[in-house]
$ cat final-v5.cif   # mmCIF, C-alpha atoms
data_upload
#
loop_
_atom_site.label_atom_id
_atom_site.label_comp_id
_atom_site.auth_asym_id
_atom_site.auth_seq_id
_atom_site.Cartn_x
_atom_site.Cartn_y
_atom_site.Cartn_z
CA MET G 1 -71.88 28.82 -6.79
CA SER G 2 -74.87 27.20 -5.15
CA THR G 3 -75.54 23.52 -5.77
CA ARG G 4 -79.13 23.75 -4.53
CA THR G 5 -81.60 24.42 -7.29
CA ASP G 6 -85.34 24.61 -6.71
CA THR G 7 -86.94 22.69 -9.56
CA ARG G 8 -90.33 22.28 -7.90
CA THR G 9 -93.59 23.65 -9.19
CA ARG G 10 -97.08 23.77 -7.68
CA THR G 11 -99.99 21.80 -9.08
CA SER G 12 -103.57 23.02 -9.04
CA THR G 13 -104.09 21.16 -5.76
CA GLY G 14 -101.21 23.02 -4.15
CA LYS G 15 -98.91 19.98 -3.95
CA ALA G 16 -95.28 20.38 -4.86
CA GLU G 17 -94.00 18.29 -7.73
CA ARG G 18 -90.54 18.17 -9.29
CA ALA G 19 -90.17 19.82 -12.68
CA MET G 20 -87.47 19.08 -15.24
CA PRO G 21 -84.29 21.08 -14.57
CA THR G 22 -83.37 23.77 -17.03
CA ALA G 23 -80.40 23.30 -19.36
CA GLU G 24 -78.37 25.73 -17.27
CA GLU G 25 -79.16 23.89 -14.03
CA ASP G 26 -78.32 20.58 -15.68
CA ARG G 27 -74.93 21.87 -16.89
CA ALA G 28 -74.19 23.26 -13.42
CA SER G 29 -74.99 19.90 -11.81
CA ARG G 30 -72.84 18.02 -14.32
CA ARG G 31 -69.88 20.36 -13.80
CA MET G 32 -70.23 20.26 -10.02
CA ALA G 33 -70.30 16.44 -10.07
CA TRP G 34 -67.21 16.35 -12.32
CA CYS G 35 -65.29 18.66 -9.96
CA VAL G 36 -66.39 16.78 -6.85
CA ALA G 37 -65.35 13.44 -8.39
CA HIS G 38 -61.82 14.76 -8.88
CA LEU G 39 -61.74 16.40 -5.46
CA LEU G 40 -62.83 13.25 -3.61
CA ARG G 41 -59.82 11.34 -4.93
CA HIS G 42 -57.68 13.33 -2.48
CA ALA G 43 -59.99 13.38 0.57
CA PRO G 44 -60.03 11.00 3.56
CA ASP G 45 -62.99 8.66 3.88
CA HIS G 46 -64.95 10.65 6.46
CA VAL G 47 -64.68 13.77 4.28
CA VAL G 48 -65.85 11.81 1.20
CA ALA G 49 -68.92 10.55 3.07
CA ASP G 50 -69.67 14.05 4.38
CA LEU G 51 -69.39 15.76 0.99
CA ILE G 52 -71.53 13.15 -0.73
CA GLY G 53 -74.24 13.77 1.86
CA ARG G 54 -74.22 17.52 1.13
CA LEU G 55 -74.86 17.21 -2.61
CA ASP G 56 -78.31 17.90 -4.00
CA THR G 57 -80.14 15.15 -5.86
CA PRO G 58 -79.23 16.09 -9.49
CA THR G 59 -75.54 16.56 -8.63
CA ARG G 60 -75.45 13.31 -6.70
CA LYS G 61 -77.01 11.51 -9.67
CA TYR G 62 -74.33 12.82 -12.01
CA LEU G 63 -71.63 11.97 -9.46
CA CYS G 64 -72.79 8.33 -9.45
CA ARG G 65 -72.54 8.36 -13.25
CA ASP G 66 -69.16 10.13 -13.43
CA GLU G 67 -66.41 8.49 -15.44
CA TRP G 68 -63.63 9.18 -12.96
CA LEU G 69 -65.10 8.00 -9.67
CA SER G 70 -62.36 6.56 -7.49
CA ALA G 71 -62.76 3.03 -6.14
CA SER G 72 -63.07 4.29 -2.55
CA THR G 73 -65.75 6.82 -3.53
CA VAL G 74 -67.75 4.06 -5.24
CA THR G 75 -67.41 1.88 -2.13
CA LEU G 76 -68.65 4.67 0.17
CA LEU G 77 -71.51 5.51 -2.20
CA LEU G 78 -72.67 1.90 -2.17
CA ARG G 79 -72.13 1.57 1.58
CA HIS G 80 -73.87 4.76 2.73
CA GLY G 81 -76.08 5.67 -0.23
CA GLY G 82 -79.65 4.76 -0.96
CA GLU G 83 -81.14 2.40 -3.49
CA GLU G 84 -81.18 5.14 -6.13
CA ASP G 85 -77.43 5.68 -5.72
CA ARG G 86 -76.79 1.96 -6.11
CA GLN G 87 -78.88 1.82 -9.27
CA TYR G 88 -77.00 4.75 -10.84
CA VAL G 89 -73.61 3.24 -9.94
CA ALA G 90 -74.66 -0.16 -11.29
CA ARG G 91 -75.61 1.45 -14.63
CA ASN G 92 -72.38 3.45 -14.84
CA PRO G 93 -70.40 1.89 -17.71
CA HIS G 94 -67.24 3.62 -16.52
CA VAL G 95 -67.10 2.06 -13.06
CA VAL G 96 -64.53 -0.42 -14.26
CA GLY G 97 -62.33 -2.73 -12.27
CA ARG G 98 -64.98 -4.47 -10.13
CA PRO G 99 -63.79 -6.83 -11.58
CA LEU G 100 -61.67 -5.76 -14.55
CA PRO G 101 -63.10 -7.03 -17.84
CA GLY G 102 -61.66 -10.46 -18.54
CA LEU G 103 -60.56 -11.18 -14.97
CA PRO G 104 -62.49 -13.62 -12.75
CA GLY G 105 -65.04 -12.12 -10.40
CA PRO G 106 -67.70 -13.65 -8.14
CA ALA G 107 -70.18 -14.12 -10.99
CA ARG G 108 -67.65 -15.85 -13.24
CA TYR G 109 -66.46 -18.10 -10.43
CA ALA G 110 -70.06 -19.01 -9.59
CA ALA G 111 -70.71 -19.93 -13.22
CA ARG G 112 -67.79 -22.39 -13.32
CA PRO G 113 -68.57 -26.13 -13.09
CA GLY G 114 -68.34 -27.89 -9.74
CA PRO G 115 -65.32 -29.69 -8.28
CA SER G 116 -63.36 -31.96 -10.57
CA PRO G 117 -63.47 -35.74 -10.04
CA GLU G 118 -59.79 -35.64 -9.04
CA LEU G 119 -60.49 -33.11 -6.28
CA LEU G 120 -63.47 -35.13 -5.07
CA ARG G 121 -61.29 -38.26 -4.84
CA GLN G 122 -58.76 -36.33 -2.75
CA ILE G 123 -61.10 -34.61 -0.29
CA GLY G 124 -64.49 -36.34 -0.52
CA PRO G 125 -67.88 -34.78 -1.25
CA GLY G 126 -68.38 -33.06 2.13
CA PRO G 127 -70.02 -31.53 4.01
CA PHE G 128 -67.02 -30.12 5.92
CA THR G 129 -66.76 -28.62 9.37
CA THR G 130 -65.06 -25.24 9.83
CA ASP G 131 -61.82 -26.91 10.97
CA GLU G 132 -61.86 -29.31 8.01
CA LEU G 133 -62.52 -26.49 5.57
CA ILE G 134 -59.66 -24.40 6.98
CA ALA G 135 -57.32 -27.38 6.68
CA LEU G 136 -58.39 -27.89 3.06
CA LEU G 137 -57.87 -24.19 2.28
CA ARG G 138 -54.33 -24.46 3.62
CA ARG G 139 -53.60 -27.64 1.64
CA HIS G 140 -55.14 -26.50 -1.66
CA GLY G 141 -54.37 -22.78 -1.50
CA ARG G 142 -51.69 -22.55 -4.15
CA ARG G 143 -54.05 -21.38 -6.91
CA PRO G 144 -56.99 -18.94 -6.55
CA ARG G 145 -59.61 -21.16 -8.20
CA THR G 146 -59.40 -24.23 -5.97
CA PRO G 147 -60.21 -22.40 -2.68
CA ILE G 148 -63.24 -20.85 -4.41
CA THR G 149 -64.39 -24.34 -5.41
CA LEU G 150 -63.94 -25.56 -1.83
CA LEU G 151 -66.07 -22.74 -0.46
CA ARG G 152 -68.85 -23.65 -2.91
CA MET G 153 -68.89 -27.27 -1.78
CA PRO G 154 -71.19 -28.36 1.10
CA HIS G 155 -69.86 -27.18 4.46
CA ALA G 156 -71.15 -26.07 7.84
CA PRO G 157 -71.57 -22.29 8.32
CA LEU G 158 -68.14 -20.79 8.91
CA ASP G 159 -67.45 -20.10 12.55
CA HIS G 160 -65.85 -16.66 12.45
CA GLY G 161 -64.15 -17.03 15.82
CA THR G 162 -62.47 -20.29 14.80
CA LEU G 163 -61.48 -18.82 11.44
CA LEU G 164 -59.82 -15.77 13.03
CA ARG G 165 -58.06 -17.83 15.73
CA GLU G 166 -56.62 -20.19 13.13
CA HIS G 167 -55.56 -17.29 10.92
CA ALA G 168 -53.88 -15.54 13.87
CA ARG G 169 -52.05 -18.76 14.80
CA ASP G 170 -50.88 -19.51 11.27
CA PRO G 171 -52.02 -17.11 8.52
CA LEU G 172 -53.92 -18.67 5.64
CA PRO G 173 -52.36 -18.54 2.14
CA PRO G 174 -53.14 -15.36 0.17
CA THR G 175 -55.28 -17.23 -2.34
CA ALA G 176 -57.38 -18.73 0.47
CA VAL G 177 -57.90 -15.26 1.96
CA GLU G 178 -58.88 -13.97 -1.46
CA ALA G 179 -61.40 -16.80 -1.84
CA LEU G 180 -62.91 -16.02 1.56
CA LEU G 181 -63.30 -12.37 0.56
CA LEU G 182 -64.93 -13.40 -2.71
CA ALA G 183 -67.26 -16.16 -1.61
CA GLY G 184 -67.12 -16.42 2.17
CA GLY G 185 -69.93 -13.96 2.86
CA LEU G 186 -67.91 -12.55 5.76
CA PRO G 187 -68.72 -9.37 7.69
CA ARG G 188 -66.42 -6.41 7.17
CA GLU G 189 -64.60 -6.75 10.50
CA VAL G 190 -63.64 -10.35 9.69
CA CYS G 191 -62.41 -9.32 6.24
CA ARG G 192 -60.22 -6.66 7.85
CA ALA G 193 -58.76 -9.16 10.32
CA LEU G 194 -57.84 -11.56 7.50
CA LEU G 195 -55.53 -8.90 6.03
CA ASP G 196 -52.98 -9.50 8.83
CA ALA G 197 -50.45 -11.75 7.08
CA GLY G 198 -48.26 -12.38 10.12
CA THR G 199 -44.77 -13.50 9.18
CA GLN G 200 -45.56 -14.51 5.59
CA ASP G 201 -42.99 -13.20 3.14
CA THR G 202 -43.76 -11.01 0.14
CA GLU G 203 -41.60 -12.82 -2.37
CA GLY G 204 -44.51 -14.70 -3.94
CA HIS G 205 -46.39 -13.01 -6.75
CA LEU G 206 -49.80 -13.56 -5.14
CA TRP G 207 -49.29 -11.88 -1.75
CA TYR G 208 -51.09 -8.65 -2.71
CA ARG G 209 -54.19 -10.24 -4.26
CA PRO G 210 -56.41 -10.14 -1.13
CA ALA G 211 -55.84 -6.38 -0.72
CA VAL G 212 -56.51 -5.65 -4.38
CA ARG G 213 -59.57 -7.88 -4.32
CA ALA G 214 -60.95 -6.16 -1.19
CA VAL G 215 -60.83 -2.78 -2.95
CA ARG G 216 -61.98 -4.19 -6.29
CA MET G 217 -65.07 -5.78 -4.74
CA GLY G 218 -65.97 -2.67 -2.76
CA LEU G 219 -65.43 -4.41 0.60
CA LEU G 220 -62.87 -1.91 1.86
CA THR G 221 -61.55 1.51 0.91
CA CYS G 222 -57.86 2.29 0.48
CA ASP G 223 -57.86 4.14 3.83
CA GLU G 224 -59.25 1.02 5.50
CA LEU G 225 -56.55 -1.12 3.87
CA VAL G 226 -53.87 1.16 5.30
CA ALA G 227 -55.47 0.95 8.74
CA HIS G 228 -55.71 -2.87 8.81
CA VAL G 229 -53.11 -4.51 6.51
CA ALA G 230 -50.23 -5.95 8.54
CA PRO G 231 -47.28 -6.17 8.74
CA ALA G 232 -46.49 -2.55 7.95
CA HIS G 233 -44.07 -3.22 5.11
CA ARG G 234 -46.88 -4.85 3.13
CA THR G 235 -48.88 -1.64 3.30
CA LEU G 236 -45.91 0.29 1.96
CA LEU G 237 -45.40 -2.20 -0.88
CA LEU G 238 -49.09 -1.97 -1.83
CA ALA G 239 -48.38 1.60 -2.92
CA ASP G 240 -46.04 0.39 -5.64
CA ILE G 241 -47.13 -3.04 -6.90
CA PRO G 242 -45.21 -3.74 -10.12
CA GLU G 243 -47.07 -4.13 -13.40
CA THR G 244 -47.83 -7.84 -13.80
CA ARG G 245 -50.29 -10.09 -15.55
CA GLY G 246 -53.52 -10.92 -13.78
CA LEU G 247 -55.03 -9.15 -10.81
CA ARG G 248 -53.24 -5.88 -10.00
CA TRP G 249 -53.98 -2.22 -9.36
CA SER G 250 -55.42 -0.15 -12.16
CA LEU G 251 -53.80 3.29 -12.43
CA PRO G 252 -56.64 5.09 -10.53
CA GLU G 253 -56.55 2.42 -7.82
CA LYS G 254 -52.78 2.72 -7.55
CA THR G 255 -52.96 6.49 -7.15
CA GLY G 256 -55.71 6.06 -4.55
CA MET G 257 -53.58 3.61 -2.59
CA ARG G 258 -50.57 5.92 -2.75
CA THR G 259 -52.76 8.78 -1.52
CA SER G 260 -53.87 6.75 1.51
CA VAL G 261 -50.34 5.52 2.32
CA ALA G 262 -48.96 9.05 2.00
CA ARG G 263 -51.69 10.27 4.37
CA ALA G 264 -50.55 7.71 6.96
CA LEU G 265 -46.91 8.80 6.50
CA ARG G 266 -47.66 12.52 6.83
CA PRO G 267 -46.67 12.72 10.54
CA LEU G 268 -43.07 12.00 9.43
CA ARG G 269 -43.11 15.40 7.66
CA ASP G 270 -39.87 15.99 5.73
CA ASP G 271 -37.57 14.90 8.56
CA PRO G 272 -34.87 12.63 7.05
CA ARG G 273 -34.20 11.08 10.47
CA LEU G 274 -37.80 9.87 10.80
CA TRP G 275 -37.84 8.47 7.26
CA ALA G 276 -34.58 6.62 7.98
CA GLU G 277 -36.23 5.15 11.10
CA LEU G 278 -39.14 4.01 8.93
CA LEU G 279 -36.78 2.10 6.65
CA ARG G 280 -34.93 0.55 9.58
CA HIS G 281 -37.96 -0.69 11.48
CA ALA G 282 -40.56 -1.45 8.77
CA PRO G 283 -39.18 -4.90 7.72
CA GLY G 284 -39.48 -6.36 11.21
CA PHE G 285 -42.52 -4.50 12.57
CA ARG G 286 -45.54 -6.78 12.95
CA GLY G 287 -48.22 -4.09 13.40
CA THR G 288 -49.95 -1.79 10.96
CA LEU G 289 -48.37 1.20 9.24
CA PRO G 290 -50.23 3.91 11.26
CA VAL G 291 -49.06 2.28 14.51
CA LEU G 292 -45.48 2.13 13.24
CA VAL G 293 -45.54 5.78 12.20
CA ALA G 294 -47.01 6.85 15.55
CA ARG G 295 -44.30 4.98 17.46
CA ILE G 296 -41.57 6.47 15.26
CA VAL G 297 -42.84 9.98 15.90
CA ARG G 298 -43.13 9.36 19.66
CA GLY G 299 -39.71 7.69 19.75
CA THR G 300 -40.96 4.57 21.53
CA LEU G 301 -39.41 1.99 19.22
CA PRO G 302 -36.33 0.06 20.40
CA ALA G 303 -32.96 1.54 19.46
CA GLU G 304 -32.21 -1.39 17.18
CA PRO G 305 -34.75 -3.27 15.01
CA ALA G 306 -35.30 -6.97 15.44
CA ALA G 307 -32.20 -8.90 14.46
CA ALA G 308 -34.25 -11.51 12.58
CA ALA G 309 -36.07 -8.97 10.43
CA PRO G 310 -36.14 -10.25 6.82
CA HIS G 311 -34.92 -8.32 3.83
CA VAL G 312 -37.96 -6.95 1.99
CA SER G 313 -37.32 -6.63 -1.73
CA GLY G 314 -38.40 -3.31 -3.24
CA LEU G 315 -39.09 -1.59 0.10
CA ASP G 316 -36.27 0.95 -0.25
CA SER G 317 -37.40 2.17 -3.67
CA THR G 318 -41.04 2.32 -2.56
CA VAL G 319 -40.23 4.45 0.49
CA ARG G 320 -38.04 6.74 -1.62
CA SER G 321 -40.91 7.25 -4.06
CA LEU G 322 -43.23 8.21 -1.18
CA ALA G 323 -40.78 10.49 0.65
CA PRO G 324 -40.89 14.27 0.05
CA GLN G 325 -38.85 15.28 -2.97
CA ALA G 326 -36.88 18.53 -3.02
CA ALA G 327 -35.28 18.29 -6.48
CA GLU G 328 -36.45 20.77 -9.12
CA PRO G 329 -35.97 20.34 -12.87
CA VAL G 330 -33.64 22.72 -14.66
CA GLY G 331 -34.48 24.60 -17.82
CA GLY G 332 -33.68 28.28 -17.44
CA VAL G 333 -35.73 30.62 -19.59
CA ASP G 334 -37.48 27.79 -21.41
CA ARG G 335 -38.76 26.41 -18.12
CA GLU G 336 -40.03 29.83 -17.01
CA LEU G 337 -41.90 30.19 -20.31
CA ALA G 338 -43.37 26.71 -19.93
CA LEU G 339 -44.59 27.53 -16.41
CA ALA G 340 -46.11 30.81 -17.58
CA SER G 341 -47.88 29.05 -20.46
CA LEU G 342 -49.79 26.81 -18.04
CA ALA G 343 -51.85 29.80 -16.89
CA VAL G 344 -52.76 30.76 -20.48
CA PRO G 345 -54.67 27.93 -22.20
CA MET G 346 -54.11 27.45 -25.93
CA PRO G 347 -56.93 28.17 -28.42
CA THR G 348 -57.95 24.50 -28.41
CA VAL G 349 -57.64 21.69 -25.89
CA GLU G 350 -55.70 19.61 -28.43
CA GLU G 351 -53.03 22.31 -28.81
CA ASP G 352 -52.83 22.69 -25.05
CA ILE G 353 -52.30 18.96 -24.61
CA ARG G 354 -49.61 18.82 -27.31
CA TRP G 355 -47.74 21.71 -25.69
CA VAL G 356 -47.85 20.27 -22.15
CA ARG G 357 -46.82 16.79 -23.33
CA ASP G 358 -43.92 18.30 -25.27
CA CYS G 359 -42.76 20.23 -22.18
CA LEU G 360 -43.03 17.07 -20.07
CA ALA G 361 -41.01 15.12 -22.64
CA ARG G 362 -38.29 17.79 -22.69
CA GLY G 363 -38.07 17.86 -18.89
CA LEU G 364 -39.25 21.47 -18.65
CA LEU G 365 -42.34 20.57 -16.61
CA THR G 366 -43.29 17.91 -14.10
CA GLY G 367 -46.64 16.68 -12.84
CA GLU G 368 -46.14 18.85 -9.73
CA ASP G 369 -45.72 21.93 -11.92
CA VAL G 370 -49.02 21.27 -13.67
CA ILE G 371 -50.89 21.05 -10.36
CA ARG G 372 -49.28 24.25 -9.03
CA HIS G 373 -49.46 26.45 -12.12
CA LYS G 374 -52.14 25.25 -14.53
CA ALA G 375 -55.34 27.27 -14.68
CA PRO G 376 -58.18 26.75 -14.12
CA ALA G 377 -57.68 24.51 -11.09
CA CYS G 378 -60.33 21.98 -12.18
CA TRP G 379 -58.37 21.35 -15.40
CA ALA G 380 -55.17 20.75 -13.43
CA LEU G 381 -56.90 18.05 -11.37
CA ASP G 382 -58.12 16.26 -14.53
CA GLU G 383 -55.19 14.59 -16.33
CA ASP G 384 -57.25 14.36 -19.53
CA HIS G 385 -56.94 18.15 -19.88
CA TRP G 386 -53.15 18.04 -20.07
CA LEU G 387 -52.27 14.45 -21.07
CA GLY G 388 -55.16 13.81 -23.44
CA ASP G 389 -57.98 11.28 -23.51
CA VAL G 390 -57.22 7.62 -23.06
CA ASP G 391 -59.16 4.70 -24.47
CA HIS G 392 -59.68 3.23 -21.02
CA PRO G 393 -59.98 4.97 -17.63
CA ASP G 394 -57.54 2.51 -16.05
CA ARG G 395 -54.38 3.84 -17.65
CA HIS G 396 -52.38 6.66 -19.17
CA ASP G 397 -49.41 6.27 -21.46
CA TRP G 398 -47.38 8.50 -19.10
CA ILE G 399 -47.74 7.20 -15.57
CA ALA G 400 -44.96 9.19 -13.83
CA PRO G 401 -46.54 12.65 -14.38
CA VAL G 402 -49.92 11.33 -13.16
CA LEU G 403 -48.42 9.94 -9.96
CA ALA G 404 -46.45 13.14 -9.37
CA ALA G 405 -49.50 15.35 -9.97
CA ARG G 406 -51.72 13.33 -7.63
CA SER G 407 -49.04 13.35 -4.94
CA GLU G 408 -48.63 17.13 -5.13
CA ALA G 409 -52.39 17.67 -5.05
CA ASP G 410 -52.58 15.41 -1.98
CA ARG G 411 -49.91 17.51 -0.29
CA LEU G 412 -51.58 20.83 -1.08
CA PHE G 413 -55.03 19.67 0.04
CA ALA G 414 -53.65 18.18 3.26
CA LEU G 415 -51.67 21.33 4.05
CA ALA G 416 -54.58 23.69 3.42
CA LEU G 417 -57.67 21.69 4.38
CA GLY G 418 -56.55 18.87 6.67
CA ALA G 419 -59.51 16.72 7.71
CA ASP G 420 -62.07 19.54 8.02
CA PRO G 421 -65.20 18.63 5.98
CA ASP G 422 -66.40 22.26 5.98
CA ALA G 423 -63.15 23.43 4.33
CA TRP G 424 -63.37 20.66 1.73
CA TRP G 425 -66.97 21.66 1.00
CA ARG G 426 -65.97 25.30 0.47
CA VAL G 427 -63.43 24.12 -2.10
CA ALA G 428 -66.05 21.91 -3.76
CA VAL G 429 -68.54 24.73 -4.29
CA THR G 430 -65.82 27.18 -5.40
CA LEU G 431 -63.93 24.90 -7.78
CA PRO G 432 -66.38 24.72 -10.74
CA ASP G 433 -66.26 28.46 -11.52
CA PHE G 434 -62.79 29.34 -10.25
CA ALA G 435 -60.43 30.66 -12.92
CA GLY G 436 -57.14 30.61 -10.99
CA THR G 437 -54.69 27.90 -10.02
CA LEU G 438 -55.18 25.35 -7.26
CA PRO G 439 -52.86 27.13 -4.75
CA HIS G 440 -54.82 30.36 -5.36
CA LEU G 441 -58.09 28.53 -4.79
CA LEU G 442 -56.88 27.04 -1.51
CA LEU G 443 -55.63 30.46 -0.39
CA ARG G 444 -58.99 32.02 -1.20
CA VAL G 445 -60.94 29.33 0.64
CA THR G 446 -58.76 29.09 3.75
CA GLU G 447 -57.68 32.74 4.20
CA GLY G 448 -60.27 34.63 2.22
CA GLY G 449 -57.56 36.04 -0.01
CA SER G 450 -58.55 38.25 -2.93
CA VAL G 451 -57.34 36.26 -5.92
CA SER G 452 -58.58 35.94 -9.46
CA GLY G 453 -61.75 33.91 -9.77
CA ARG G 454 -65.19 34.26 -11.25
CA SER G 455 -67.90 34.49 -8.66
#
$ encode --input "final-v5.cif" --output "structure tokens"
Amino acid sequence: MSTRTDTRTRTSTGKAERAMPTAEEDRASRRMAWCVAHLLRHAPDHVVADLIGRLDTPTRKYLCRDEWLSASTVTLLLRHGGEEDRQYVARNPHVVGRPLPGLPGPARYAARPGPSPELLRQIGPGPFTTDELIALLRRHGRRPRTPITLLRMPHAPLDHGTLLREHARDPLPPTAVEALLLAGGLPREVCRALLDAGTQDTEGHLWYRPAVRAVRMGLLTCDELVAHVAPAHRTLLLADIPETRGLRWSLPEKTGMRTSVARALRPLRDDPRLWAELLRHAPGFRGTLPVLVARIVRGTLPAEPAAAAPHVSGLDSTVRSLAPQAAEPVGGVDRELALASLAVPMPTVEEDIRWVRDCLARGLLTGEDVIRHKAPACWALDEDHWLGDVDHPDRHDWIAPVLAARSEADRLFALALGADPDAWWRVAVTLPDFAGTLPHLLLRVTEGGSVSGRS
């Protein structure tokens, strides 16, 4: 299927002008944008940027307006796109979570009144030097709102070198880092450096806020978080933040973070010895997760981890959830029938959804099964086609099948396509009209296999 449509006509003066697309061209652009939006959730950042650049103007417009754009795709669209892309994204009512409705964002913080009289009595009216401001952020960094207020009070322009040296010497509290991301006006490289938390523990309930805020504001993508958050065990824990009140991952953001973490862990393959080494060394390793994984694979870590390494609550269960799973559900003939039914859609979408949900509830199917066996492949990638519509794009009532399906899709795409933008593009242009399953599609694209699919 070609995504390039010539909608130009010639005027009497011979100049080319753009005509309105036909209904068929419009439907093709909408469907292509829908498929690309789901595909980009599983692609690394450089592939996302490359594929966006290959789309024609109508498809790119619909992509900016798509309901299921991932947070990282929105960030890259805003970072690398033109003014027209930014306008379409800004008018997209479904680009939720920047910030979530009801949670404080930069505009709401800016609209709050100035410092309270009590705070003014404690610290004075300013202006503050960079050293004084950093000291105040440390002293008043227990709650997110006070650091924001401090940054809006008169102060000298922040010296980035001083800020980074002080943070490296003694990391700032998470709420102070979050305030700097929100209102500090910092360049991207400084924001990345502030995500190194040093020896701070993860027992407090606010430790993850800077990372969530960086993604929520569009400062960084999930891949960039994985590359820069330190120590490594924090990156692992970001893949499985528990459901809490206040700022936290939405379901699409959580799946995006798990995709990026799993991509960093892929060199460990399914070797139990390497995964055991990850668990042994992660609590005491001060560097980033990609560096830790590279050293595990090369075998350059010390034989024994640091004796003073702290116990990290929840790390074991998080690593187990990210490790390759070999267990298969049991079900005999009923399971075989359920698998076969995935390739034969019911007369209506509603009946199809009821059947798949019933099989999931009875343990006959898993999210991995849906990705492997449901046809067409574009429906398998869209949870709404087998779990039903939700009233808000940030959640599903069944989270486990969604996480399992995304993880299996990540694995299949990585195995077949790797980091080759040309291979990802071939999948993108084939997906909208392909009638087979996702494994069949990947086989057709990578090996030229003759499998069922409409041309």
$ residues_near_point --input "final-v5.cif" --point "(-74.2, 7.2, -9.7)" --cutoff "6 Å" --atoms "all atoms listed in the file" --output "VMD selection string"
chain G and resid 61 63 to 65 85 88 to 89
$ closest_atom_pairs --input "final-v5.cif" --of "segment 290-401 of chain G" --to "segment 228-242 of chain G" --cutoff "9 Å" --atoms "all atoms listed in the file" --output "tab-separated table"
residue	atom	partner	partner_atom	distance
G:Pro290	CA	G:Ala232	CA	8.2
G:Val291	CA	G:Ala232	CA	8.5
G:Leu292	CA	G:Ala232	CA	7.1
G:Val312	CA	G:His233	CA	7.8
G:Gly314	CA	G:Leu237	CA	7.5
G:Leu315	CA	G:Leu237	CA	6.4
G:Thr318	CA	G:Asp240	CA	6.2
G:Val319	CA	G:Leu236	CA	7.2
G:Ser321	CA	G:Asp240	CA	8.7
G:Leu322	CA	G:Ala239	CA	8.6
$ residues_around --input "final-v5.cif" --residues "Arg60 of chain G" --least-positions-apart "5" --cutoff "9 Å" --atoms "all atoms listed in the file" --output "PyMOL selection string"
chain G and resi 29+33+52-55+65+85
$ resolve_selection --input "final-v5.cif" --expression "the PyMOL selection byres ((chain G and resi 69-75) around 7)" --output "number ranges by chain"
G: 37, 41, 48, 66-68, 76-79, 215, 218, 221-222, 252-253
$ resolve_selection --input "final-v5.cif" --expression "the PyMOL selection byres ((chain G and resi 127-138) around 10)" --output "MDAnalysis selection string"
chainID G and resid 123:126 139:142 146:148 150:151 153:160 162:163 166:167 170:177 179:180
$ write_last_selection --input "final-v5.cif" --atoms "C-alpha atoms" --output "mmCIF file, keeping the file's coordinate frame"
data_model
loop_
_atom_site.group_PDB
_atom_site.id
_atom_site.type_symbol
_atom_site.label_atom_id
_atom_site.label_comp_id
_atom_site.auth_asym_id
_atom_site.auth_seq_id
_atom_site.Cartn_x
_atom_site.Cartn_y
_atom_site.Cartn_z
ATOM 1 C CA ILE G 123 -61.100 -34.610 -0.290
ATOM 2 C CA GLY G 124 -64.490 -36.340 -0.520
ATOM 3 C CA PRO G 125 -67.880 -34.780 -1.250
ATOM 4 C CA GLY G 126 -68.380 -33.060 2.130
ATOM 5 C CA ARG G 139 -53.600 -27.640 1.640
ATOM 6 C CA HIS G 140 -55.140 -26.500 -1.660
ATOM 7 C CA GLY G 141 -54.370 -22.780 -1.500
ATOM 8 C CA ARG G 142 -51.690 -22.550 -4.150
ATOM 9 C CA THR G 146 -59.400 -24.230 -5.970
ATOM 10 C CA PRO G 147 -60.210 -22.400 -2.680
ATOM 11 C CA ILE G 148 -63.240 -20.850 -4.410
ATOM 12 C CA LEU G 150 -63.940 -25.560 -1.830
ATOM 13 C CA LEU G 151 -66.070 -22.740 -0.460
ATOM 14 C CA MET G 153 -68.890 -27.270 -1.780
ATOM 15 C CA PRO G 154 -71.190 -28.360 1.100
ATOM 16 C CA HIS G 155 -69.860 -27.180 4.460
ATOM 17 C CA ALA G 156 -71.150 -26.070 7.840
ATOM 18 C CA PRO G 157 -71.570 -22.290 8.320
ATOM 19 C CA LEU G 158 -68.140 -20.790 8.910
ATOM 20 C CA ASP G 159 -67.450 -20.100 12.550
ATOM 21 C CA HIS G 160 -65.850 -16.660 12.450
ATOM 22 C CA THR G 162 -62.470 -20.290 14.800
ATOM 23 C CA LEU G 163 -61.480 -18.820 11.440
ATOM 24 C CA GLU G 166 -56.620 -20.190 13.130
ATOM 25 C CA HIS G 167 -55.560 -17.290 10.920
ATOM 26 C CA ASP G 170 -50.880 -19.510 11.270
ATOM 27 C CA PRO G 171 -52.020 -17.110 8.520
ATOM 28 C CA LEU G 172 -53.920 -18.670 5.640
ATOM 29 C CA PRO G 173 -52.360 -18.540 2.140
ATOM 30 C CA PRO G 174 -53.140 -15.360 0.170
ATOM 31 C CA THR G 175 -55.280 -17.230 -2.340
ATOM 32 C CA ALA G 176 -57.380 -18.730 0.470
ATOM 33 C CA VAL G 177 -57.900 -15.260 1.960
ATOM 34 C CA ALA G 179 -61.400 -16.800 -1.840
ATOM 35 C CA LEU G 180 -62.910 -16.020 1.560
#
$ closest_residue --input "final-v5.cif" --among "G:Leu40, G:Val190, G:Leu438, G:Leu431" --to "Ala416 of chain G" --atoms "all atoms listed in the file"
G:Leu438
$ closest_residue --input "final-v5.cif" --among "G:Ala404, G:Leu342, G:Leu289, G:Val429" --to "Gly367 of chain G" --atoms "all atoms listed in the file"
G:Ala404
$ atom_distance --input "final-v5.cif" --atom1 "atom CA of Glu447 of chain G" --atom2 "atom CA of Leu39 of chain G"
19.4 Å
$ atom_distance --input "final-v5.cif" --atom1 "atom CA of Ser116 of chain G" --atom2 "atom CA of Ala214 of chain G"
27.6 Å
